[in-house]
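A.B. asks: Structure in C-alpha cells, see below.
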Amino acid sequence: MYIISLTYKVDNKTVDKYLNAHVEYLKEQYAQGNFLASGRKVPRTGGIILSNINSRNYLEEVLKTDPFNKNGVADYNIIEFVPSMTCEELNFLIAK
C-alpha cells in the first residue's frame, strides 16, 4: 500500500486550471481499483492519495498520467507502508 503526498509547485489559481482534469483522472483510478481515498491537505498546499497498487513501478506509471503531474502542478512523494492494525471497517487493508 502507498501514501502519495502531492505538494503544489504553483499557486492555487494555476492548480484550479487543471483541477477538473485531475478529478477525472482520480475517478478513473478509483474505477480501476487503484486508489482507496484521496483529498486536499489543510491548508491547501497539495493532496493525499491512498493507493492499494502492489508495484511501485506501476504506481509511478499511473501517477505520470495525472494531469497535475503532466502539467508540472505538483511534486509527488511516495511512501510505502504495510498496515498491521486498523479499525474493523478497514480490516481489508491489513497485509496477509
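By convention here, the chains of the C-alpha cells are called A, B, ... in the order presented, each chain's residues are numbered starting at 1, and ligands are numbered starting at 1 in the order presented.
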Using DSSP on the backbone, list every residue of region 28-69 of chain A that comes out as helix (DSSP H, G or I), and give them as a VMD selection string.
C.D. replies: chain A and resid 28 to 31 56 to 64 67 to 69
A.B. asks: Which residues come within 6 Å of Ser51 (chain A), counting only C-alpha atoms, excluding same-chain residues fewer than 3 positions away, as a compact mmCIF listing (two decimals) with C-alpha atoms, in the first residue's frame?
C.D. replies:
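Writing done, so here's out.txt:
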```txt
# COMPACT_ATOMS: atom_id res chain seq x y z
CA MET A 1 0.00 0.00 0.00
CA TYR A 2 1.17 3.52 -0.71
CA ASN A 34 -6.08 1.61 -7.93
CA PHE A 35 -6.99 4.26 -5.33
CA LEU A 36 -8.73 3.89 -1.96
```
A.B. asks: Step one, run DSSP on the backbone; step two, keep only residues of chain A assigned to strand (DSSP E or B); then write them as a count of residues only.
C.D. replies: 26
A.B. asks: Would you kindly return, as a VMD selection string, each protein, DNA or RNA residue with an atom no farther than 10 Å from any atom of Lys41 (chain A), considering only C-alpha atoms and excluding same-chain residues fewer than 4 positions away?
C.D. replies: chain A and resid 5 to 7 45 to 48
A.B. asks: Need to verify the contact set: Lys9 (chain A), 12 Å, only C-alpha atoms, exclusion of same-chain residues closer than 4 positions in sequence. Can you return it as a ChimeraX atom specification?
C.D. replies: /A:13-15,44-46,68-69,71-76
A.B. asks: Would you mind reading off the distance between CA of Asn52 (chain A) and CA of Lys17 (chain A), one decimal, in Å?
C.D. replies: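 A separation of 28.1 Å between them.
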